[in-house]
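Undergrad: Once you've had a glance at the structure underneath, I'll fire off some questions.
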Amino acid sequence: MDIKKILALLIIALALFSCLGAASAGLFDFFGGGPKNQTYTFDGFTLDLPEGSQINDTKQSSAGINFHEYLVFFPTNANGTSINVIIYTGDNLVKTVDEYVNSLTTNGAKFVDKYGNWSIVDVRNFTSPTEHNTNVTGYLIITRTPNSFVVIRGDSPEQLKGIVDTYKTV
């Protein structure tokens with residue numbers, strides 16, 4: 001084979017290999033790039049969160065509504081942020097996600113978007129009429145299960161979408 005043909009094929013192969021590396025950014029992260037996830041179990045469902053997350057939980061009841069709140073602290077290798085996972089149950093709950101969102105928007109929250117069976121709400125300007133929510137900040141993503149509401153609070157809609165993409169009932 002002619003040396004020019006070999007050289008041309010070598011240059012083409014090198015160019016293709018270089019393009020593959022740029023186009024597949026993140027494709028080979030499982031070889032040790034970024035933080036790894038772990039499956040955590042909550043009340044009837046699981047979420048995949050950064051491995052090593054610390055979880056503190058509390059339970060409270062008020063006016064026929066029970067809530068189980070998990071405060072999840074991500075490790076520093078996962079940007080050290082936190083989220084809240086709250087499960088509401090009880091006889092005095094509103095019946096639909098739309099009713100729940102409406103109760104938030106009447107107090108300053110803003111509906112952002114639907115994401116599958118979830119609703120995203122901006123609560124940065126939310127004024128809560130109940131004491132346990134006075135420090136709510138960021139965004140909420142909300143869904144209704146047959147027996148409860150699942151609410152996850154985080155810093156951005158993109159963060160919440162990534163988290164609920166891992167939601168699985170158990």
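Naming works like this for the structure tokens: A, B, ... for the chains as they're shown, residue 1 at the start of each chain, ligands 1 onward in shown order.
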Got a sec: who's within 12 Å of Lys114 (chain A), counting only C-alpha atoms, leaving out chain neighbours fewer than 2 positions off, as a CSV table (one decimal) with C-alpha atoms, in the first residue's frame?
TA:
```csv
chain,number,residue,atom,x,y,z
A,97,VAL,CA,-51.7,18.6,43.1
A,98,ASP,CA,-53.4,21.6,41.4
A,101,VAL,CA,-50.2,24.4,44.0
A,111,PHE,CA,-46.1,27.8,39.3
A,112,VAL,CA,-43.1,27.1,37.1
A,116,GLY,CA,-44.3,14.3,34.0
A,117,ASN,CA,-46.6,13.7,37.0
A,118,TRP,CA,-44.8,16.4,39.0
A,119,SER,CA,-45.5,20.1,39.3
A,120,ILE,CA,-42.6,22.6,39.9
A,121,VAL,CA,-43.3,25.6,42.1
A,140,LEU,CA,-40.7,22.5,45.2
A,141,ILE,CA,-41.5,19.6,43.0
A,142,ILE,CA,-44.8,17.9,44.0
A,143,THR,CA,-46.7,14.8,43.1
A,157,PRO,CA,-35.8,23.0,38.9
A,160,LEU,CA,-35.3,18.5,41.2
A,161,LYS,CA,-35.9,17.0,37.8
```
Undergrad: To test your reading of the structure, identify every residue in region 30-139 of chain A that backbone DSSP assigns to helix (DSSP H, G or I), and report it as a PyMOL selection string.
TA: chain A and resi 30-31+76-78+97-105+131-133
Undergrad: Write the selection just made, keeping N, CA and C atoms, as an mmCIF file, in the first residue's frame?
TA:
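Output saved as again-v4.cif:
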```
data_model
loop_
_atom_site.group_PDB
_atom_site.id
_atom_site.type_symbol
_atom_site.label_atom_id
_atom_site.label_comp_id
_atom_site.auth_asym_id
_atom_site.auth_seq_id
_atom_site.Cartn_x
_atom_site.Cartn_y
_atom_site.Cartn_z
ATOM 1 N N PHE A 30 -18.308 6.706 34.332
ATOM 2 C CA PHE A 30 -18.351 5.598 35.272
ATOM 3 C C PHE A 30 -16.963 5.031 35.544
ATOM 4 N N PHE A 31 -15.946 5.472 34.815
ATOM 5 C CA PHE A 31 -14.585 5.024 35.086
ATOM 6 C C PHE A 31 -13.962 5.757 36.266
ATOM 7 N N THR A 76 -19.643 16.847 50.473
ATOM 8 C CA THR A 76 -18.947 17.942 49.798
ATOM 9 C C THR A 76 -18.519 17.580 48.386
ATOM 10 N N ASN A 77 -18.247 16.307 48.091
ATOM 11 C CA ASN A 77 -17.873 15.935 46.728
ATOM 12 C C ASN A 77 -19.057 15.998 45.764
ATOM 13 N N ALA A 78 -20.263 16.246 46.292
ATOM 14 C CA ALA A 78 -21.463 16.421 45.462
ATOM 15 C C ALA A 78 -21.985 17.852 45.634
ATOM 16 N N VAL A 97 -52.925 17.787 43.135
ATOM 17 C CA VAL A 97 -51.714 18.612 43.075
ATOM 18 C C VAL A 97 -52.079 20.042 42.692
ATOM 19 N N ASP A 98 -53.043 20.211 41.791
ATOM 20 C CA ASP A 98 -53.450 21.561 41.391
ATOM 21 C C ASP A 98 -53.972 22.359 42.578
ATOM 22 N N GLU A 99 -54.762 21.717 43.450
ATOM 23 C CA GLU A 99 -55.242 22.399 44.659
ATOM 24 C C GLU A 99 -54.066 22.762 45.575
ATOM 25 N N TYR A 100 -53.134 21.847 45.701
ATOM 26 C CA TYR A 100 -51.960 22.095 46.533
ATOM 27 C C TYR A 100 -51.166 23.290 45.991
ATOM 28 N N VAL A 101 -50.907 23.283 44.679
ATOM 29 C CA VAL A 101 -50.157 24.376 44.044
ATOM 30 C C VAL A 101 -50.917 25.687 44.191
ATOM 31 N N ASN A 102 -52.243 25.664 44.019
ATOM 32 C CA ASN A 102 -53.054 26.871 44.169
ATOM 33 C C ASN A 102 -52.940 27.450 45.580
ATOM 34 N N SER A 103 -52.893 26.568 46.588
ATOM 35 C CA SER A 103 -52.756 27.063 47.963
ATOM 36 C C SER A 103 -51.396 27.745 48.169
ATOM 37 N N LEU A 104 -50.388 27.312 47.441
ATOM 38 C CA LEU A 104 -49.076 27.952 47.530
ATOM 39 C C LEU A 104 -49.044 29.273 46.767
ATOM 40 N N THR A 105 -49.634 29.289 45.568
ATOM 41 C CA THR A 105 -49.569 30.495 44.737
ATOM 42 C C THR A 105 -50.383 31.647 45.327
ATOM 43 N N GLU A 131 -46.519 27.851 60.608
ATOM 44 C CA GLU A 131 -45.174 28.040 61.159
ATOM 45 C C GLU A 131 -44.133 27.100 60.589
ATOM 46 N N HIS A 132 -44.486 25.837 60.313
ATOM 47 C CA HIS A 132 -43.452 24.879 59.899
ATOM 48 C C HIS A 132 -42.891 25.172 58.513
ATOM 49 N N ASN A 133 -43.503 26.048 57.729
ATOM 50 C CA ASN A 133 -42.991 26.350 56.397
ATOM 51 C C ASN A 133 -42.389 27.748 56.268
#
```
Undergrad: Could you tell me how far CA of Asn84 (chain A) sits from CA of Glu69 (chain A), in Å to one decimal place?
TA: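 Going from CA of Glu69 (chain A) over to CA of Asn84 (chain A) covers 6.8 Å.
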Undergrad: With only C-alpha atoms as the counted atoms, please give the residues lying no more than 9 Å from region 88-92 of chain A, apart from itself and same-chain residues fewer than 4 positions off, as a ChimeraX atom specification.
TA: /A:61,63-69,147-151
Undergrad: Work out how far apart CA of Asp43 (chain A) and CA of Asn107 (chain A) are and give it in Å to one decimal.
TA: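 According to the coordinates, CA of Asp43 (chain A) and CA of Asn107 (chain A) are separated by 28.1 Å.
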Undergrad: Neighbouring residues of Gln38 (chain A) were defined as those with any atom within 6 Å, considering only C-alpha atoms; residues of the same chain fewer than 6 positions away were excluded. Please report them as a list in words.
TA: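 Counting only C-alpha atoms, the residues come to Asp48, Leu49, Pro50 and Glu51 of chain A.
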Undergrad: Let me see the file: selected residues, N, CA and C atoms, as a PDB file, in the first residue's frame.
TA:
```pdb
ATOM      1  N   ASP A  48     -32.362   8.038  44.093  1.00  0.00           N
ATOM      2  CA  ASP A  48     -30.915   7.900  43.981  1.00  0.00           C
ATOM      3  C   ASP A  48     -30.294   9.261  44.266  1.00  0.00           C
ATOM      4  N   LEU A  49     -29.503   9.313  45.328  1.00  0.00           N
ATOM      5  CA  LEU A  49     -28.870  10.552  45.783  1.00  0.00           C
ATOM      6  C   LEU A  49     -27.375  10.310  45.923  1.00  0.00           C
ATOM      7  N   PRO A  50     -26.584  11.379  46.027  1.00  0.00           N
ATOM      8  CA  PRO A  50     -25.138  11.183  46.146  1.00  0.00           C
ATOM      9  C   PRO A  50     -24.766  10.257  47.303  1.00  0.00           C
ATOM     10  N   GLU A  51     -23.876   9.330  47.010  1.00  0.00           N
ATOM     11  CA  GLU A  51     -23.402   8.382  48.011  1.00  0.00           C
ATOM     12  C   GLU A  51     -22.802   9.140  49.194  1.00  0.00           C
TER      13      GLU A  51
END
```
Undergrad: Would you mind telling me which residue in A:Tyr40, A:Phe73, A:Tyr139, A:Phe126 lies nearest to Gln54 (chain A) when using only C-alpha atoms?
TA: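 Of A:Tyr40, A:Phe73, A:Tyr139, A:Phe126, the one nearest Gln54 (chain A) is A:Phe73, counting only C-alpha atoms.
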Undergrad: Which residue is closest to Arg144 (chain A)? Choose from A:Thr127, A:Gln60, A:Thr96, A:Thr106 and count only C-alpha atoms.
TA: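 Checking each candidate against Arg144 (chain A), we get A:Thr96 as the closest.
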Undergrad: If we count only C-alpha atoms and set the cut-off at 7 Å, which residues sit around region 164-167 of chain A, ignoring sequence neighbours fewer than 6 positions away in its own chain? Please answer as a PyMOL selection string.
TA: chain A and resi 45-48
Undergrad: So that I have them on file, write out the residues from the current selection with C-alpha atoms, as a PDB file, in the first residue's frame.
TA:
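Final output, saved to again_1.pdb:
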```
ATOM      1  CA  PHE A  45     -40.360   5.037  47.395  1.00  0.00           C
ATOM      2  CA  THR A  46     -36.673   5.338  46.638  1.00  0.00           C
ATOM      3  CA  LEU A  47     -34.474   8.110  45.271  1.00  0.00           C
ATOM      4  CA  ASP A  48     -30.915   7.900  43.981  1.00  0.00           C
TER       5      ASP A  48
END
```
